[in-house]
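One structure below.
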Amino acid sequence: MATYPDVVTTLDRRVTEPLPPIGFWSYSREDDRRARGRLSQLRALLAEQLESVLGRASKVRLFQDVSAIEYGDLWEQEITRALNQCCFMIPILTPDFLQSEWCSKEVLHFQEREAALGRDSLIFPIHWVDTGHVTPDGPIKPFDTRVWQRLQASQRVEFDHLSLEAPDSSIRIQTELRILARKIATTLLNTGAKPPSKSAAPTQAPDPIPVPVPAPVSPRFEGPEMVRIPAGSFTMGVPEAEGQRERTTDDDARPLHKVTIAQPFWMGRFPVTRGEYAAFVADTNYDKDGGHWRAPGFDQTDRHPVVNVRPEDADAYAAWLCRKTGQAYRLPSEAEWEYAARAGTTTARFWGEAFAGGEIYVHTEDSTVPVDGRQPNPFGLHDMLGHVWEWCADPWHDNYKGAPTDGSVWSTGGYPASRVARGGSWNINPRLIRAGFRNGIDYHLRLGPWAGFRVVRT
C-alpha cells in the first residue's frame, strides 16, 4: 500500500508519489469579517470533507493564519513557512483578495512551490463574491495582473450565489464542498506528474518537518456517502395533539423534552445498500446473519436498501467500516436519528403535519426500490421516513422519563433484549410514518424485509 511521502524528501521522489493533504487557505481577513466568519467555517468544513474522501483517521492540514499562528509568532515568517510546506492552495476570490498585495504574494509564492512539485493544477479557486467581471483593464484593478491571469486559468468553484448561507447548515454548500474535496483528493493521489523544473525551486527550502499521516485507504473504498449534520437543539417526542390527529396514543414518545446535540456528526445519506452490505460480507466472510438479506422475497439491485438484518448485523457492519477506514462508525442514537429526521422542523413530518404531499419523499409501495428514488429532507438525507425501518443503538424504553438530553445512547434501564427502530417502512400505514413515532423490536429479530439501517460517524 502506498504511503504519503515526507515533505522533506527529494523532489524526484515527491513527483512520483501521492502528495500529502497539506493545504493553504488564502483569503482576505476583511472578507471573513464582513461574512461574520463564514470563510473560516468554510475552511473547516472543506478540511472535514477532504478527510472523509481520503478516509484517514488523522486530520487534513489546511493552514489559515488566524487559527494556525499563535500570539507572539512572527506572522510573515509563519505564512512563508506554511507556503513552503503546502501541496495545494485554496484562494478565495473577492475584489479585496485581487487588490491585496499580500494575497498576490501568496499566490505567486505558491506558483513556485507548484513548479517545484512538478504539478500545474494545485490551485483550486473559490469565487466567493462577485468580482465585477474583473479584467486587467476593468474597473477593479488587480494588484498583480499575473495573479488574476493564473487564477482565471483554473476552473473555479462558484460560491457567489451561496455566500449568504450558513456553511454548516447549507445542503448546497455541503454538496459543492464534497465535489471540491473529491477533485483535490484525485489531484493529490495522481502520481503522473511532470518532472520538476530545474530552474524552479521554492523561495525558501522546505522545513524539515515530517508529515505524521498514516497510509491512505484506497480511494476506491470511501464507505457510505455521508452528510454532515450540524449541532443544534430540538424538542424530542410526540405532542398529544399529533397523536389525536393521527389516531395513535404515542404515550411511549412522551414526555416531550429538549435535546441538545453539542457537536456536529456525519450520517449516511441513504440507508446502507445491499451492495454496500454485500461488500462487507465478502470481505469478512460474515455469516451470523444467516444470509437472509439475500432473499427478501422480491428482486433487489445493489442500490436497494439491505433488509432482513438484525441490530447485531448492523453493529458488525459498522465495526468493519471502522477497521477499513480508521474512523468511528456506529448506529445512531435514537435522539440523533430523530434530530436528523426532523432536520430543523417541528411538524410531524419534515414537509408538514399531514402525510399529504409526502409521496415525493416517502416510498410506501409493494417492496423496496433504489435508495435515491425520492427527494431528501432539508439535511440532505434520503428515506429517513418510510421505505425501511432503521435500527438505532438504544435499547427500548417504555417512555422518555429519565431520557438523556445530550443526544447520547440511552443505554441504562429499558429492555436490553429489544432495540429501537425508527422511520416506518414501505408496508405500514402512512399515519405511522412520522419523525417522532417509535417502534421497539426484539434484538434478535430481523423484522423481515421491512428493516434496514444507516450509520453515523463521529
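Chain labels follow the order of the C-alpha cells: the first chain is A, the next B, and so on; residue numbering restarts at 1 in every chain, and ligands are counted from 1 in their shown order.
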- [ ] May I have all residues of region 78-109 of chain A that DSSP, computed from the backbone, assigns to strand (DSSP E), given as a list of chain:residue names?
- [x] A:Phe88, A:Met89, A:Ile90, A:Pro91, A:Ile92, A:Leu93
With C-alpha atoms kept, could you save the residues just selected as a PDB file, in the first residue's frame?
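Ended up saving to part_5.pdb:
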```pdb
ATOM      1  CA  PHE A  88      -2.370  22.725  -2.668  1.00  0.00           C
ATOM      2  CA  MET A  89      -3.896  26.200  -2.347  1.00  0.00           C
ATOM      3  CA  ILE A  90      -7.482  27.453  -1.953  1.00  0.00           C
ATOM      4  CA  PRO A  91      -7.670  31.174  -2.895  1.00  0.00           C
ATOM      5  CA  ILE A  92     -10.984  32.883  -2.011  1.00  0.00           C
ATOM      6  CA  LEU A  93     -11.688  35.232  -4.895  1.00  0.00           C
TER       7      LEU A  93
END
```
TODO: In Å, rounded to a single decimal, give me how far CA of Leu50 (chain A) is from CA of Glu225 (chain A).
DONE: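 Pair CA of Glu225 (chain A) / CA of Leu50 (chain A) returns 12.9 Å.
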Using only C-alpha atoms, what does the table of region 387-419 of chain A residues within 10 Å of region 294-307 of chain A look like, with each row giving the shortest atom pair and its distance in Å to one decimal, sorted by chain and ascending number, as JSON lines?
```
{"residue": "A:His387", "atom": "CA", "partner": "A:Pro305", "partner_atom": "CA", "distance": 8.5}
{"residue": "A:Val388", "atom": "CA", "partner": "A:Pro305", "partner_atom": "CA", "distance": 7.6}
{"residue": "A:Trp389", "atom": "CA", "partner": "A:Val307", "partner_atom": "CA", "distance": 9.1}
{"residue": "A:Glu390", "atom": "CA", "partner": "A:Val307", "partner_atom": "CA", "distance": 9.7}
```
Let me see the file: selected residues, C-alpha atoms, as a PDB file, in the first residue's frame.
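After the write, result-v5.pdb holds the following:
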```
ATOM      1  CA  HIS A 387     -39.033   2.734   2.887  1.00  0.00           C
ATOM      2  CA  VAL A 388     -37.387   0.677   5.681  1.00  0.00           C
ATOM      3  CA  TRP A 389     -37.337   0.750   9.468  1.00  0.00           C
ATOM      4  CA  GLU A 390     -33.917   1.797  10.707  1.00  0.00           C
TER       5      GLU A 390
END
```
Open item on the list: If we count only C-alpha atoms and set the cut-off at 8 Å, which residues sit around His257 (chain A), ignoring sequence neighbours fewer than 6 positions away in its own chain? Please answer as a list in words.
Closed with: Thr235, Met236, Gly237 and Thr405 of chain A
TODO: Give the answer as one residue: which of A:Gly407, A:Gly291, A:Pro449, A:Gly414 has the shortest atom-to-atom distance to Ile261 (chain A), using only C-alpha atoms?
DONE: A:Gly407
Task: Residue among A:Asn399, A:Gln41, A:Asn285, A:Thr187 lying closest to Phe437 (chain A), counting only C-alpha atoms - done: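 Of all the options, A:Asn399 lies closest to Phe437 (chain A).
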Task: Nearest to Gly232 (chain A) by atom-to-atom distance, counting only C-alpha atoms, from A:Ala253, A:Leu108, A:Ala318, A:Ala343 - done: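 Smallest separation from Gly232 (chain A) among the options: A:Ala343.
Among A:Trp426, A:Tyr339, A:Phe379, A:Phe355, the residue with the shortest atom-to-atom distance to Gln174 (chain A), counting only C-alpha atoms, is A:Phe379.
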Task: Selection near region 417-423 of chain A, 10 Å with only C-alpha atoms, sequence-local residues under 2 positions removed, as a ChimeraX atom specification - done: /A:310-311,333-334,337-338,341,383-397,414-415,425,432-445,447,451-453
Task: Residue contacts of Ser52 (chain A) (10 Å, only C-alpha atoms) excluding same-chain residues fewer than 4 positions away, as a ChimeraX atom specification - done: /A:46-48,56-57,59-60,178,181-182,222-223,225-226,266,325,327,457
Write a file of the selected residues as a CSV table (one decimal), in the first residue's frame, keeping N, CA and C atoms.
```csv
chain,number,residue,atom,x,y,z
A,46,LEU,N,-14.4,22.2,4.6
A,46,LEU,CA,-13.7,21.6,3.5
A,46,LEU,C,-12.6,20.6,4.0
A,47,ALA,N,-11.9,21.0,5.1
A,47,ALA,CA,-11.0,20.0,5.7
A,47,ALA,C,-11.6,18.7,6.1
A,48,GLU,N,-12.8,18.8,6.7
A,48,GLU,CA,-13.6,17.6,7.1
A,48,GLU,C,-14.0,16.8,5.9
A,56,ARG,N,-8.9,8.8,6.1
A,56,ARG,CA,-7.9,8.6,7.0
A,56,ARG,C,-8.3,9.1,8.4
A,57,ALA,N,-7.7,8.5,9.5
A,57,ALA,CA,-8.1,8.9,10.8
A,57,ALA,C,-7.5,10.3,11.2
A,59,LYS,N,-6.2,14.2,10.8
A,59,LYS,CA,-6.9,15.3,10.2
A,59,LYS,C,-6.1,15.9,9.0
A,60,VAL,N,-6.7,16.4,8.0
A,60,VAL,CA,-6.1,17.1,6.9
A,60,VAL,C,-5.6,18.4,7.5
A,178,ARG,N,-18.1,18.8,-1.1
A,178,ARG,CA,-17.8,17.4,-1.4
A,178,ARG,C,-17.2,17.2,-2.8
A,181,ALA,N,-13.7,18.6,-2.7
A,181,ALA,CA,-12.8,17.7,-1.9
A,181,ALA,C,-12.4,16.5,-2.8
A,182,ARG,N,-13.3,16.0,-3.5
A,182,ARG,CA,-13.0,14.8,-4.4
A,182,ARG,C,-12.0,15.2,-5.5
A,222,GLU,N,-14.7,4.3,-0.1
A,222,GLU,CA,-15.0,5.5,0.6
A,222,GLU,C,-16.0,5.2,1.7
A,223,GLY,N,-16.6,4.0,1.7
A,223,GLY,CA,-17.7,3.8,2.6
A,223,GLY,C,-18.9,4.5,2.2
A,225,GLU,N,-21.9,7.1,1.5
A,225,GLU,CA,-21.9,8.6,1.3
A,225,GLU,C,-22.5,9.2,2.6
A,226,MET,N,-21.8,10.2,3.1
A,226,MET,CA,-22.2,10.8,4.4
A,226,MET,C,-22.6,12.2,4.2
A,266,TRP,N,-21.7,13.0,11.3
A,266,TRP,CA,-22.0,12.6,10.0
A,266,TRP,C,-23.0,11.5,9.9
A,325,THR,N,-11.6,2.0,7.5
A,325,THR,CA,-11.3,3.5,7.2
A,325,THR,C,-10.5,4.1,8.3
A,327,GLN,N,-11.9,5.3,11.0
A,327,GLN,CA,-12.8,6.3,11.5
A,327,GLN,C,-13.9,5.6,12.3
A,457,ARG,N,-21.1,8.7,11.8
A,457,ARG,CA,-19.7,8.8,12.0
A,457,ARG,C,-19.4,10.0,12.8
```
Open item on the list: Considering only C-alpha atoms, can you say which of A:Ala279, A:Trp102, A:Leu83, A:Gln49 comes closest to Arg228 (chain A)?
Closed with: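 Selected residue with least distance to Arg228 (chain A): A:Gln49.
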TODO: Could you check how far CA of Arg156 (chain A) sits from CA of Ile126 (chain A), in Å to one decimal?
DONE: 5.5 Å
Counting only C-alpha atoms, what is within 10 Å of Phe143 (chain A), bar same-chain residues fewer than 2 positions away, as an mmCIF file with N, CA and C atoms, in the first residue's frame?
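Saved file selection25.cif follows:
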```
data_model
loop_
_atom_site.group_PDB
_atom_site.id
_atom_site.type_symbol
_atom_site.label_atom_id
_atom_site.label_comp_id
_atom_site.auth_asym_id
_atom_site.auth_seq_id
_atom_site.Cartn_x
_atom_site.Cartn_y
_atom_site.Cartn_z
ATOM 1 N N ASP A 96 -11.481 42.363 -2.769
ATOM 2 C CA ASP A 96 -10.429 42.644 -1.795
ATOM 3 C C ASP A 96 -9.232 41.716 -1.990
ATOM 4 N N PHE A 97 -9.499 40.441 -2.279
ATOM 5 C CA PHE A 97 -8.410 39.492 -2.492
ATOM 6 C C PHE A 97 -7.555 39.926 -3.683
ATOM 7 N N LEU A 98 -8.209 40.267 -4.801
ATOM 8 C CA LEU A 98 -7.471 40.589 -6.019
ATOM 9 C C LEU A 98 -6.662 41.865 -5.884
ATOM 10 N N GLN A 99 -7.097 42.769 -4.997
ATOM 11 C CA GLN A 99 -6.382 44.030 -4.809
ATOM 12 C C GLN A 99 -5.399 43.990 -3.642
ATOM 13 N N SER A 100 -5.292 42.836 -3.000
ATOM 14 C CA SER A 100 -4.413 42.704 -1.838
ATOM 15 C C SER A 100 -2.992 42.369 -2.268
ATOM 16 N N GLU A 101 -2.032 43.155 -1.806
ATOM 17 C CA GLU A 101 -0.628 42.881 -2.107
ATOM 18 C C GLU A 101 -0.207 41.541 -1.504
ATOM 19 N N TRP A 102 -0.630 41.279 -0.253
ATOM 20 C CA TRP A 102 -0.170 40.065 0.409
ATOM 21 C C TRP A 102 -0.812 38.814 -0.210
ATOM 22 N N CYS A 103 -2.093 38.885 -0.550
ATOM 23 C CA CYS A 103 -2.732 37.731 -1.202
ATOM 24 C C CYS A 103 -2.047 37.420 -2.529
ATOM 25 N N SER A 104 -1.669 38.467 -3.271
ATOM 26 C CA SER A 104 -0.966 38.257 -4.533
ATOM 27 C C SER A 104 0.380 37.595 -4.296
ATOM 28 N N LYS A 105 1.099 38.027 -3.254
ATOM 29 C CA LYS A 105 2.381 37.412 -2.934
ATOM 30 C C LYS A 105 2.214 35.934 -2.602
ATOM 31 N N PRO A 136 -7.761 42.831 -16.411
ATOM 32 C CA PRO A 136 -6.662 43.760 -16.141
ATOM 33 C C PRO A 136 -6.989 45.205 -16.468
ATOM 34 N N ILE A 140 -12.000 47.362 -11.495
ATOM 35 C CA ILE A 140 -11.251 46.986 -10.301
ATOM 36 C C ILE A 140 -9.921 46.426 -10.769
ATOM 37 N N LYS A 141 -8.852 47.151 -10.485
ATOM 38 C CA LYS A 141 -7.545 46.747 -10.996
ATOM 39 C C LYS A 141 -6.876 45.803 -10.004
ATOM 40 N N THR A 145 -1.525 41.645 -12.193
ATOM 41 C CA THR A 145 -2.297 41.009 -13.262
ATOM 42 C C THR A 145 -1.864 39.569 -13.505
ATOM 43 N N ARG A 146 -0.619 39.217 -13.148
ATOM 44 C CA ARG A 146 -0.168 37.836 -13.303
ATOM 45 C C ARG A 146 -0.997 36.892 -12.431
ATOM 46 N N VAL A 147 -1.363 37.375 -11.237
ATOM 47 C CA VAL A 147 -2.166 36.565 -10.321
ATOM 48 C C VAL A 147 -3.552 36.330 -10.909
ATOM 49 N N TRP A 148 -4.165 37.393 -11.412
ATOM 50 C CA TRP A 148 -5.501 37.264 -11.977
ATOM 51 C C TRP A 148 -5.495 36.330 -13.181
#
```
